[in-house]
>>> print(open('model19.pdb').read())   # PDB, C-alpha atoms, pLDDT in the B column
ATOM      1  CA  MET A   1     248.460 115.649 204.102  1.00 51.00           C
ATOM      2  CA  ASN A   2     248.059 119.315 205.023  1.00 61.00           C
ATOM      3  CA  LYS A   3     250.338 120.714 207.700  1.00 72.00           C
ATOM      4  CA  HIS A   4     247.422 122.288 209.558  1.00 68.00           C
ATOM      5  CA  GLU A   5     246.179 118.746 210.221  1.00 75.00           C
ATOM      6  CA  ILE A   6     249.351 118.105 212.246  1.00 86.00           C
ATOM      7  CA  HIS A   7     249.040 119.302 215.831  1.00 91.00           C
ATOM      8  CA  ILE A   8     252.225 120.161 217.744  1.00 95.00           C
ATOM      9  CA  LEU A   9     252.400 120.548 221.519  1.00 96.00           C
ATOM     10  CA  LEU A  10     255.318 122.813 222.485  1.00 97.00           C
ATOM     11  CA  VAL A  11     256.460 122.478 226.116  1.00 97.00           C
ATOM     12  CA  ASP A  12     259.076 124.837 227.564  1.00 96.00           C
ATOM     13  CA  ASP A  13     259.228 127.202 230.546  1.00 93.00           C
ATOM     14  CA  ASP A  14     261.056 129.832 228.443  1.00 93.00           C
ATOM     15  CA  ARG A  15     257.868 131.624 227.454  1.00 93.00           C
ATOM     16  CA  GLN A  16     259.376 134.408 225.367  1.00 94.00           C
ATOM     17  CA  ASN A  17     261.419 132.181 223.065  1.00 94.00           C
ATOM     18  CA  SER A  18     258.700 129.536 222.980  1.00 95.00           C
ATOM     19  CA  LEU A  19     256.091 131.989 221.717  1.00 94.00           C
ATOM     20  CA  LEU A  20     258.501 133.083 218.982  1.00 95.00           C
ATOM     21  CA  LEU A  21     259.011 129.449 217.990  1.00 96.00           C
ATOM     22  CA  LYS A  22     255.257 128.820 218.166  1.00 95.00           C
ATOM     23  CA  ARG A  23     254.663 131.697 215.766  1.00 94.00           C
ATOM     24  CA  PHE A  24     257.352 130.404 213.403  1.00 94.00           C
ATOM     25  CA  LEU A  25     255.778 126.940 213.339  1.00 94.00           C
ATOM     26  CA  GLU A  26     252.296 128.395 212.785  1.00 92.00           C
ATOM     27  CA  LEU A  27     253.557 130.421 209.829  1.00 92.00           C
ATOM     28  CA  GLU A  28     254.833 127.136 208.399  1.00 91.00           C
ATOM     29  CA  GLY A  29     251.252 125.852 208.614  1.00 89.00           C
ATOM     30  CA  TYR A  30     251.306 123.724 211.760  1.00 91.00           C
ATOM     31  CA  ALA A  31     248.689 123.925 214.517  1.00 91.00           C
ATOM     32  CA  VAL A  32     250.578 124.591 217.756  1.00 94.00           C
ATOM     33  CA  THR A  33     249.569 124.568 221.430  1.00 94.00           C
ATOM     34  CA  TYR A  34     251.940 125.885 224.110  1.00 96.00           C
ATOM     35  CA  ALA A  35     252.450 124.735 227.720  1.00 95.00           C
ATOM     36  CA  SER A  36     254.989 126.204 230.152  1.00 94.00           C
ATOM     37  CA  ASP A  37     255.517 123.118 232.322  1.00 93.00           C
ATOM     38  CA  GLY A  38     255.249 119.355 232.155  1.00 93.00           C
ATOM     39  CA  ALA A  39     252.151 119.046 234.331  1.00 93.00           C
ATOM     40  CA  ALA A  40     250.142 121.464 232.177  1.00 94.00           C
ATOM     41  CA  ALA A  41     251.422 119.702 229.059  1.00 94.00           C
ATOM     42  CA  TRP A  42     250.267 116.338 230.417  1.00 93.00           C
ATOM     43  CA  GLU A  43     246.714 117.632 230.782  1.00 91.00           C
ATOM     44  CA  MET A  44     246.817 119.173 227.293  1.00 91.00           C
ATOM     45  CA  TYR A  45     248.174 115.940 225.845  1.00 89.00           C
ATOM     46  CA  LYS A  46     245.280 113.919 227.305  1.00 84.00           C
ATOM     47  CA  GLN A  47     242.742 116.393 225.913  1.00 82.00           C
ATOM     48  CA  GLN A  48     244.199 117.142 222.510  1.00 82.00           C
ATOM     49  CA  HIS A  49     246.226 114.067 221.445  1.00 82.00           C
ATOM     50  CA  PRO A  50     248.922 115.926 219.465  1.00 89.00           C
ATOM     51  CA  ASP A  51     250.927 114.339 216.662  1.00 89.00           C
ATOM     52  CA  LEU A  52     254.264 115.772 217.828  1.00 95.00           C
ATOM     53  CA  ILE A  53     255.523 117.008 221.197  1.00 97.00           C
ATOM     54  CA  LEU A  54     258.505 119.375 221.376  1.00 98.00           C
ATOM     55  CA  LEU A  55     259.710 119.385 224.956  1.00 95.00           C
ATOM     56  CA  ASP A  56     262.410 120.960 227.038  1.00 95.00           C
ATOM     57  CA  VAL A  57     263.987 118.900 229.832  1.00 95.00           C
ATOM     58  CA  ASN A  58     264.536 121.412 232.652  1.00 93.00           C
ATOM     59  CA  MET A  59     261.045 122.554 233.634  1.00 93.00           C
ATOM     60  CA  PRO A  60     259.154 123.133 236.892  1.00 87.00           C
ATOM     61  CA  VAL A  61     256.489 120.812 238.306  1.00 87.00           C
ATOM     62  CA  MET A  62     257.310 117.956 235.896  1.00 93.00           C
ATOM     63  CA  ASN A  63     260.464 117.853 233.782  1.00 94.00           C
ATOM     64  CA  GLY A  64     260.669 116.714 230.181  1.00 94.00           C
ATOM     65  CA  PHE A  65     262.025 113.260 230.942  1.00 96.00           C
ATOM     66  CA  GLU A  66     259.225 112.615 233.447  1.00 95.00           C
ATOM     67  CA  LEU A  67     256.618 113.805 230.957  1.00 95.00           C
ATOM     68  CA  ALA A  68     258.073 111.653 228.183  1.00 95.00           C
ATOM     69  CA  GLN A  69     257.984 108.588 230.423  1.00 94.00           C
ATOM     70  CA  LYS A  70     254.305 109.116 231.306  1.00 92.00           C
ATOM     71  CA  ILE A  71     253.393 109.586 227.651  1.00 91.00           C
ATOM     72  CA  ARG A  72     255.341 106.584 226.425  1.00 89.00           C
ATOM     73  CA  GLU A  73     253.581 104.379 228.989  1.00 87.00           C
ATOM     74  CA  ILE A  74     250.354 104.845 227.030  1.00 83.00           C
ATOM     75  CA  ASP A  75     251.366 106.122 223.584  1.00 81.00           C
ATOM     76  CA  SER A  76     254.085 104.729 221.318  1.00 80.00           C
ATOM     77  CA  GLU A  77     252.980 106.620 218.218  1.00 79.00           C
ATOM     78  CA  VAL A  78     253.265 110.320 219.046  1.00 88.00           C
ATOM     79  CA  PHE A  79     256.572 111.882 218.003  1.00 91.00           C
ATOM     80  CA  LEU A  80     258.736 113.213 220.857  1.00 95.00           C
ATOM     81  CA  PHE A  81     261.496 115.743 220.134  1.00 97.00           C
ATOM     82  CA  PHE A  82     263.650 116.940 223.020  1.00 96.00           C
ATOM     83  CA  LEU A  83     264.753 120.579 222.593  1.00 96.00           C
ATOM     84  CA  THR A  84     267.194 121.259 225.413  1.00 93.00           C
ATOM     85  CA  ASP A  85     270.506 122.728 226.555  1.00 91.00           C
ATOM     86  CA  ARG A  86     271.272 119.475 228.386  1.00 92.00           C
ATOM     87  CA  THR A  87     273.727 118.042 225.899  1.00 87.00           C
ATOM     88  CA  GLU A  88     275.766 115.577 227.966  1.00 91.00           C
ATOM     89  CA  LYS A  89     276.020 112.038 226.637  1.00 92.00           C
ATOM     90  CA  ALA A  90     274.015 110.647 229.577  1.00 93.00           C
ATOM     91  CA  ASP A  91     271.157 113.063 228.895  1.00 91.00           C
ATOM     92  CA  ARG A  92     271.052 112.240 225.186  1.00 92.00           C
ATOM     93  CA  LEU A  93     271.031 108.518 225.926  1.00 94.00           C
ATOM     94  CA  LYS A  94     268.253 108.973 228.463  1.00 93.00           C
ATOM     95  CA  GLY A  95     266.187 110.846 225.898  1.00 93.00           C
ATOM     96  CA  PHE A  96     266.518 108.034 223.372  1.00 93.00           C
ATOM     97  CA  HIS A  97     266.020 105.405 226.113  1.00 92.00           C
ATOM     98  CA  LEU A  98     262.648 107.065 226.716  1.00 92.00           C
ATOM     99  CA  LYS A  99     261.966 106.481 223.002  1.00 90.00           C
ATOM    100  CA  GLY A 100     262.375 110.075 221.975  1.00 93.00           C
ATOM    101  CA  ASN A 101     262.449 110.447 218.201  1.00 92.00           C
ATOM    102  CA  ASP A 102     264.989 113.271 218.176  1.00 93.00           C
ATOM    103  CA  TYR A 103     267.253 115.148 220.580  1.00 95.00           C
ATOM    104  CA  ILE A 104     268.079 118.678 219.439  1.00 94.00           C
ATOM    105  CA  PRO A 105     270.525 120.799 221.476  1.00 93.00           C
ATOM    106  CA  LYS A 106     269.823 124.479 222.101  1.00 93.00           C
ATOM    107  CA  PRO A 107     270.413 126.847 220.473  1.00 92.00           C
ATOM    108  CA  PHE A 108     269.168 125.560 217.136  1.00 93.00           C
ATOM    109  CA  TYR A 109     268.036 127.047 213.848  1.00 93.00           C
ATOM    110  CA  PRO A 110     264.229 127.004 213.501  1.00 93.00           C
ATOM    111  CA  GLU A 111     264.677 126.063 209.843  1.00 94.00           C
ATOM    112  CA  GLU A 112     266.564 122.940 210.931  1.00 94.00           C
ATOM    113  CA  LEU A 113     263.745 121.998 213.289  1.00 95.00           C
ATOM    114  CA  ILE A 114     261.217 122.390 210.459  1.00 94.00           C
ATOM    115  CA  ALA A 115     263.351 120.162 208.237  1.00 93.00           C
ATOM    116  CA  ARG A 116     263.494 117.479 210.945  1.00 92.00           C
ATOM    117  CA  ILE A 117     259.742 117.657 211.502  1.00 92.00           C
ATOM    118  CA  ASP A 118     259.003 117.447 207.782  1.00 88.00           C
ATOM    119  CA  GLU A 119     261.349 114.487 207.402  1.00 85.00           C
ATOM    120  CA  ARG A 120     259.632 112.565 210.207  1.00 85.00           C
ATOM    121  CA  PHE A 121     256.145 113.034 208.829  1.00 82.00           C
ATOM    122  CA  GLU A 122     257.201 112.326 205.249  1.00 77.00           C
ATOM    123  CA  ASN A 123     258.814 109.045 206.269  1.00 67.00           C
ATOM    124  CA  ARG A 124     255.876 107.764 208.266  1.00 60.00           C
ATOM    125  CA  LYS A 125     252.318 107.633 207.123  1.00 51.00           C
ATOM    126  CA  VAL A 126     250.606 109.381 209.991  1.00 46.00           C
ATOM    127  CA  ASN A 127     247.146 108.275 210.970  1.00 50.00           C
ATOM    128  CA  VAL A 128     245.618 111.716 211.062  1.00 55.00           C
ATOM    129  CA  GLN A 129     242.595 111.973 213.286  1.00 62.00           C
ATOM    130  CA  CYS A 130     239.541 112.329 211.058  1.00 77.00           C
ATOM    131  CA  HIS A 131     236.760 111.808 213.599  1.00 81.00           C
ATOM    132  CA  TYR A 132     236.215 114.030 216.605  1.00 87.00           C
ATOM    133  CA  MET A 133     233.579 113.489 219.262  1.00 88.00           C
ATOM    134  CA  ILE A 134     232.824 117.049 220.362  1.00 93.00           C
ATOM    135  CA  GLY A 135     230.087 117.106 222.954  1.00 91.00           C
ATOM    136  CA  LYS A 136     227.409 114.817 221.539  1.00 92.00           C
ATOM    137  CA  THR A 137     228.305 115.653 217.943  1.00 94.00           C
ATOM    138  CA  LEU A 138     230.468 113.492 215.675  1.00 93.00           C
ATOM    139  CA  PHE A 139     232.660 115.621 213.423  1.00 93.00           C
ATOM    140  CA  ASP A 140     234.009 113.807 210.350  1.00 90.00           C
ATOM    141  CA  SER A 141     236.709 116.098 208.969  1.00 89.00           C
ATOM    142  CA  GLN A 142     237.502 113.803 206.040  1.00 83.00           C
ATOM    143  CA  ASN A 143     233.957 113.950 204.695  1.00 87.00           C
ATOM    144  CA  SER A 144     233.213 117.480 206.001  1.00 91.00           C
ATOM    145  CA  THR A 145     230.136 116.504 207.990  1.00 94.00           C
ATOM    146  CA  VAL A 146     228.793 116.759 211.523  1.00 96.00           C
ATOM    147  CA  SER A 147     226.291 114.275 212.882  1.00 95.00           C
ATOM    148  CA  TYR A 148     223.999 114.822 215.862  1.00 95.00           C
ATOM    149  CA  ASN A 149     221.105 112.618 216.923  1.00 92.00           C
ATOM    150  CA  GLY A 150     221.210 110.795 213.587  1.00 89.00           C
ATOM    151  CA  ILE A 151     221.045 113.980 211.482  1.00 94.00           C
ATOM    152  CA  ILE A 152     224.032 114.674 209.219  1.00 95.00           C
ATOM    153  CA  ARG A 153     224.865 118.201 208.101  1.00 95.00           C
ATOM    154  CA  ASN A 154     227.460 119.192 205.539  1.00 96.00           C
ATOM    155  CA  LEU A 155     230.260 121.695 206.061  1.00 95.00           C
ATOM    156  CA  SER A 156     232.123 123.813 203.559  1.00 94.00           C
ATOM    157  CA  ALA A 157     235.885 123.336 203.176  1.00 90.00           C
ATOM    158  CA  ARG A 158     236.625 126.445 205.241  1.00 92.00           C
ATOM    159  CA  GLN A 159     234.118 125.525 207.933  1.00 95.00           C
ATOM    160  CA  THR A 160     235.795 122.112 208.127  1.00 94.00           C
ATOM    161  CA  ASP A 161     239.270 123.636 208.476  1.00 92.00           C
ATOM    162  CA  ILE A 162     238.079 126.050 211.169  1.00 96.00           C
ATOM    163  CA  LEU A 163     236.353 123.276 213.113  1.00 95.00           C
ATOM    164  CA  ILE A 164     239.496 121.108 212.914  1.00 93.00           C
ATOM    165  CA  LEU A 165     241.501 123.878 214.606  1.00 92.00           C
ATOM    166  CA  LEU A 166     238.835 124.394 217.280  1.00 95.00           C
ATOM    167  CA  SER A 167     238.338 120.651 217.888  1.00 92.00           C
ATOM    168  CA  ARG A 168     242.067 120.101 218.350  1.00 87.00           C
ATOM    169  CA  SER A 169     242.151 122.786 221.040  1.00 88.00           C
ATOM    170  CA  VAL A 170     238.919 122.261 222.993  1.00 90.00           C
ATOM    171  CA  GLY A 171     238.727 124.713 225.887  1.00 92.00           C
ATOM    172  CA  THR A 172     241.731 126.655 224.584  1.00 91.00           C
ATOM    173  CA  LEU A 173     241.802 129.979 222.746  1.00 94.00           C
ATOM    174  CA  VAL A 174     242.489 129.699 219.022  1.00 93.00           C
ATOM    175  CA  THR A 175     243.482 133.152 217.812  1.00 93.00           C
ATOM    176  CA  ARG A 176     241.926 134.912 214.847  1.00 94.00           C
ATOM    177  CA  ASP A 177     245.370 135.328 213.302  1.00 92.00           C
ATOM    178  CA  GLU A 178     246.029 131.588 213.595  1.00 90.00           C
ATOM    179  CA  ILE A 179     242.746 130.747 211.876  1.00 93.00           C
ATOM    180  CA  LEU A 180     243.234 133.354 209.161  1.00 93.00           C
ATOM    181  CA  ASN A 181     246.797 132.227 208.452  1.00 87.00           C
ATOM    182  CA  GLN A 182     245.981 128.536 208.344  1.00 85.00           C
ATOM    183  CA  VAL A 183     242.586 128.618 206.622  1.00 89.00           C
ATOM    184  CA  TRP A 184     242.836 131.664 204.339  1.00 89.00           C
ATOM    185  CA  GLY A 185     246.620 131.962 204.189  1.00 83.00           C
ATOM    186  CA  ASP A 186     246.467 135.708 204.752  1.00 81.00           C
ATOM    187  CA  ILE A 187     245.373 138.245 207.375  1.00 88.00           C
ATOM    188  CA  SER A 188     243.244 140.924 205.768  1.00 90.00           C
ATOM    189  CA  TYR A 189     240.096 142.884 206.541  1.00 91.00           C
ATOM    190  CA  SER A 190     238.003 140.992 203.971  1.00 91.00           C
ATOM    191  CA  ASN A 191     239.201 137.606 205.245  1.00 91.00           C
ATOM    192  CA  SER A 192     238.520 138.698 208.810  1.00 94.00           C
ATOM    193  CA  MET A 193     234.931 139.573 207.878  1.00 95.00           C
ATOM    194  CA  SER A 194     234.613 136.214 206.122  1.00 95.00           C
ATOM    195  CA  LEU A 195     235.815 134.469 209.292  1.00 96.00           C
ATOM    196  CA  ASN A 196     233.037 136.176 211.275  1.00 96.00           C
ATOM    197  CA  VAL A 197     230.484 134.857 208.779  1.00 96.00           C
ATOM    198  CA  GLN A 198     231.857 131.300 208.869  1.00 97.00           C
ATOM    199  CA  ILE A 199     231.785 131.259 212.681  1.00 97.00           C
ATOM    200  CA  THR A 200     228.128 132.333 212.545  1.00 97.00           C
ATOM    201  CA  TYR A 201     227.372 129.468 210.132  1.00 97.00           C
ATOM    202  CA  LEU A 202     229.231 126.994 212.344  1.00 98.00           C
ATOM    203  CA  ARG A 203     227.286 128.085 215.416  1.00 97.00           C
ATOM    204  CA  HIS A 204     224.047 127.548 213.518  1.00 97.00           C
ATOM    205  CA  ILE A 205     225.146 124.104 212.300  1.00 97.00           C
ATOM    206  CA  LEU A 206     226.228 123.020 215.790  1.00 97.00           C
ATOM    207  CA  ALA A 207     223.241 124.603 217.572  1.00 96.00           C
ATOM    208  CA  PRO A 208     221.183 121.379 217.956  1.00 96.00           C
ATOM    209  CA  ASP A 209     223.858 120.094 220.370  1.00 96.00           C
ATOM    210  CA  ASN A 210     223.364 122.258 223.462  1.00 94.00           C
ATOM    211  CA  THR A 211     226.574 120.929 225.021  1.00 94.00           C
ATOM    212  CA  LEU A 212     228.638 122.874 222.450  1.00 95.00           C
ATOM    213  CA  ASN A 213     229.411 126.553 222.305  1.00 96.00           C
ATOM    214  CA  ILE A 214     231.863 128.581 220.234  1.00 97.00           C
ATOM    215  CA  ILE A 215     232.825 131.461 222.508  1.00 97.00           C
ATOM    216  CA  SER A 216     234.136 134.714 221.039  1.00 97.00           C
ATOM    217  CA  VAL A 217     236.998 136.391 222.890  1.00 96.00           C
ATOM    218  CA  LYS A 218     236.856 140.009 221.722  1.00 91.00           C
ATOM    219  CA  LYS A 219     239.629 140.926 219.273  1.00 88.00           C
ATOM    220  CA  LYS A 220     241.503 137.709 220.135  1.00 95.00           C
ATOM    221  CA  GLY A 221     239.813 134.585 218.828  1.00 96.00           C
ATOM    222  CA  TYR A 222     237.506 131.703 219.664  1.00 97.00           C
ATOM    223  CA  ILE A 223     237.178 128.859 222.159  1.00 97.00           C
ATOM    224  CA  LEU A 224     235.223 125.668 221.484  1.00 96.00           C
ATOM    225  CA  GLN A 225     233.619 124.932 224.840  1.00 95.00           C
ATOM    226  CA  ILE A 226     232.010 121.633 225.791  1.00 92.00           C
ATOM    227  CA  GLN A 227     229.698 121.638 228.799  1.00 87.00           C
TER     228      GLN A 227
END
>>> encode(input="model19.pdb", output="structure tokens")
Amino acid sequence: MNKHEIHILLVDDDRQNSLLLKRFLELEGYAVTYASDGAAAWEMYKQQHPDLILLDVNMPVMNGFELAQKIREIDSEVFLFFLTDRTEKADRLKGFHLKGNDYIPKPFYPEELIARIDERFENRKVNVQCHYMIGKTLFDSQNSTVSYNGIIRNLSARQTDILILLSRSVGTLVTRDEILNQVWGDISYSNSMSLNVQITYLRHILAPDNTLNIISVKKKGYILQIQ
């Protein structure tokens, strides 16, 4: 199982440190989405169905315990890791009572977090999402195909990997650097030009479905938009 097939939702109102952690996780190969409060994370969760949620407890609008409770009411499979400076016994017990899979006090070493994440996914066979309904198109990432109106079209390995990243973050910007790191493993001029070409091919392949659009955000990245 490739790490880029594992989607992490990071939820914390400490934006500066969270973006550093997000970058660290992305360099390890994970696909990561960031939310700064529980309410925004709840909406992202319903759209993107992540495999792991890393959540702080003290947050505005909806705190981490409240978010965990809402998620666990409908989902017993997603991993929940609490990353928080609330380290009292009562808080830890509450986190595990809400069926959190881990409770990690701040500050922590990012390398330790990676080890805990790896251990969880190694010890449980994760049912990775292979089929995505994007607009009116069925994307089968396992077989590298898209199907629209009964017509099946094949994708290359890189087109498949790019579309996985976009499909897991519908309506959200996926940066060029993120795609280059996770699909090519390196940011370079030649790989950047290759990315432009692959996006052009993907647009052509998806064109029959007029509900789909891959939007370019100049010098930043791409958004898969569904009308």
>>> atom_distance(input="model19.pdb", atom1="atom CA of Phe96 of chain A", atom2="atom CA of Gln47 of chain A")
25.3 Å
>>> resolve_selection(input="model19.pdb", expression="the PyMOL selection byres ((chain A and resi 36) around 10)", output="list in words")
Leu10, Val11, Asp12, Asp13, Asp14, Arg15, Ser18, Tyr34, Ala35, Asp37, Gly38, Ala39, Ala40, Ala41, Leu55, Asp56, Met59, Pro60 and Val61 of chain A
>>> atom_distance(input="model19.pdb", atom1="atom CA of Ile117 of chain A", atom2="atom CA of Thr160 of chain A")
24.6 Å
>>> residues_around(input="model19.pdb", residues="Asp51 of chain A", least_positions_apart="2", cutoff="9 Å", atoms="only C-alpha atoms", output="list in words")
Ile6, His7, Ile8, Leu9, His49, Ile53, Glu77, Val78, Phe79, Leu80, Val126 and Val128 of chain A
>>> closest_residue(input="model19.pdb", among="A:Arg158, A:Arg86, A:Arg168, A:Lys3", to="Lys46 of chain A", atoms="all atoms listed in the file")
A:Arg168
>>> resolve_selection(input="model19.pdb", expression="the PyMOL selection byres ((chain A and resi 198) around 12)", output="short mmCIF file (atom, residue, chain, number, x, y, z; two decimals) with C-alpha atoms, keeping the file's coordinate frame")
data_model
loop_
_atom_site.label_atom_id
_atom_site.label_comp_id
_atom_site.auth_asym_id
_atom_site.auth_seq_id
_atom_site.Cartn_x
_atom_site.Cartn_y
_atom_site.Cartn_z
CA LEU A 155 230.26 121.70 206.06
CA SER A 156 232.12 123.81 203.56
CA ALA A 157 235.88 123.34 203.18
CA ARG A 158 236.62 126.44 205.24
CA GLN A 159 234.12 125.52 207.93
CA THR A 160 235.80 122.11 208.13
CA ASP A 161 239.27 123.64 208.48
CA ILE A 162 238.08 126.05 211.17
CA LEU A 163 236.35 123.28 213.11
CA ILE A 179 242.75 130.75 211.88
CA LEU A 180 243.23 133.35 209.16
CA VAL A 183 242.59 128.62 206.62
CA TRP A 184 242.84 131.66 204.34
CA ASN A 191 239.20 137.61 205.24
CA SER A 192 238.52 138.70 208.81
CA MET A 193 234.93 139.57 207.88
CA SER A 194 234.61 136.21 206.12
CA LEU A 195 235.82 134.47 209.29
CA ASN A 196 233.04 136.18 211.28
CA VAL A 197 230.48 134.86 208.78
CA ILE A 199 231.78 131.26 212.68
CA THR A 200 228.13 132.33 212.54
CA TYR A 201 227.37 129.47 210.13
CA LEU A 202 229.23 126.99 212.34
CA ARG A 203 227.29 128.08 215.42
CA HIS A 204 224.05 127.55 213.52
CA ILE A 205 225.15 124.10 212.30
CA ILE A 214 231.86 128.58 220.23
#
>>> atom_distance(input="model19.pdb", atom1="atom CA of Ala68 of chain A", atom2="atom CA of Ala90 of chain A")
16.0 Å
>>> closest_residue(input="model19.pdb", among="A:Leu113, A:Ile151, A:Leu98, A:Ile164", to="Gln182 of chain A", atoms="all atoms listed in the file")
A:Ile164
>>> closest_residue(input="model19.pdb", among="A:Gly100, A:Gly185, A:Pro110, A:Gly135", to="Phe65 of chain A", atoms="all atoms listed in the file")
A:Gly100
>>> resolve_selection(input="model19.pdb", expression="the PyMOL selection byres ((chain A and resi 174) around 7)", output="PyMOL selection string")
chain A and resi 166+172-173+175-176+178+221-223
>>> closest_residue(input="model19.pdb", among="A:Thr33, A:Asn17, A:Gln48, A:Ser190", to="Met133 of chain A", atoms="only C-alpha atoms")
A:Gln48
>>> closest_residue(input="model19.pdb", among="A:Tyr132, A:Tyr103, A:Tyr148, A:Tyr45", to="Pro208 of chain A", atoms="all atoms listed in the file")
A:Tyr148
>>> residues_around(input="model19.pdb", residues="Thr84 of chain A", least_positions_apart="5", cutoff="6 Å", atoms="only C-alpha atoms", output="tab-separated table (two decimals) with C-alpha atoms, in the frame of the given file")
chain	number	residue	atom	x	y	z
A	56	ASP	CA	262.41	120.96	227.04
A	57	VAL	CA	263.99	118.90	229.83
A	105	PRO	CA	270.52	120.80	221.48
A	106	LYS	CA	269.82	124.48	222.10
>>> decode(input="model19.pdb", residues="segment 155-167 of chain A", atoms="N, CA and C atoms", output="PDB file, in the first residue's frame")
ATOM      1  N   LEU A 155      -6.069   5.113 -18.016  1.00  0.00           N
ATOM      2  CA  LEU A 155      -5.163   6.150 -17.525  1.00  0.00           C
ATOM      3  C   LEU A 155      -3.766   5.568 -17.364  1.00  0.00           C
ATOM      4  N   SER A 156      -2.772   6.428 -17.513  1.00  0.00           N
ATOM      5  CA  SER A 156      -1.409   6.003 -17.199  1.00  0.00           C
ATOM      6  C   SER A 156      -1.244   5.962 -15.677  1.00  0.00           C
ATOM      7  N   ALA A 157      -0.133   5.399 -15.212  1.00  0.00           N
ATOM      8  CA  ALA A 157       0.119   5.320 -13.775  1.00  0.00           C
ATOM      9  C   ALA A 157       0.180   6.714 -13.162  1.00  0.00           C
ATOM     10  N   ARG A 158       0.845   7.646 -13.828  1.00  0.00           N
ATOM     11  CA  ARG A 158       0.963   8.995 -13.269  1.00  0.00           C
ATOM     12  C   ARG A 158      -0.362   9.737 -13.322  1.00  0.00           C
ATOM     13  N   GLN A 159      -1.117   9.555 -14.385  1.00  0.00           N
ATOM     14  CA  GLN A 159      -2.447  10.169 -14.440  1.00  0.00           C
ATOM     15  C   GLN A 159      -3.323   9.635 -13.314  1.00  0.00           C
ATOM     16  N   THR A 160      -3.213   8.342 -13.038  1.00  0.00           N
ATOM     17  CA  THR A 160      -3.982   7.737 -11.943  1.00  0.00           C
ATOM     18  C   THR A 160      -3.600   8.360 -10.610  1.00  0.00           C
ATOM     19  N   ASP A 161      -2.294   8.471 -10.352  1.00  0.00           N
ATOM     20  CA  ASP A 161      -1.829   9.033  -9.079  1.00  0.00           C
ATOM     21  C   ASP A 161      -2.263  10.492  -8.919  1.00  0.00           C
ATOM     22  N   ILE A 162      -2.200  11.253 -10.005  1.00  0.00           N
ATOM     23  CA  ILE A 162      -2.637  12.653  -9.941  1.00  0.00           C
ATOM     24  C   ILE A 162      -4.135  12.725  -9.647  1.00  0.00           C
ATOM     25  N   LEU A 163      -4.909  11.889 -10.327  1.00  0.00           N
ATOM     26  CA  LEU A 163      -6.365  11.935 -10.148  1.00  0.00           C
ATOM     27  C   LEU A 163      -6.764  11.451  -8.749  1.00  0.00           C
ATOM     28  N   ILE A 164      -6.000  10.545  -8.158  1.00  0.00           N
ATOM     29  CA  ILE A 164      -6.259  10.134  -6.777  1.00  0.00           C
ATOM     30  C   ILE A 164      -6.145  11.347  -5.863  1.00  0.00           C
ATOM     31  N   LEU A 165      -5.062  12.110  -6.005  1.00  0.00           N
ATOM     32  CA  LEU A 165      -4.848  13.283  -5.150  1.00  0.00           C
ATOM     33  C   LEU A 165      -5.969  14.304  -5.341  1.00  0.00           C
ATOM     34  N   LEU A 166      -6.366  14.541  -6.584  1.00  0.00           N
ATOM     35  CA  LEU A 166      -7.427  15.513  -6.854  1.00  0.00           C
ATOM     36  C   LEU A 166      -8.778  15.006  -6.346  1.00  0.00           C
ATOM     37  N   SER A 167      -9.055  13.721  -6.519  1.00  0.00           N
ATOM     38  CA  SER A 167     -10.347  13.156  -6.113  1.00  0.00           C
ATOM     39  C   SER A 167     -10.501  13.117  -4.601  1.00  0.00           C
TER      40      SER A 167
END
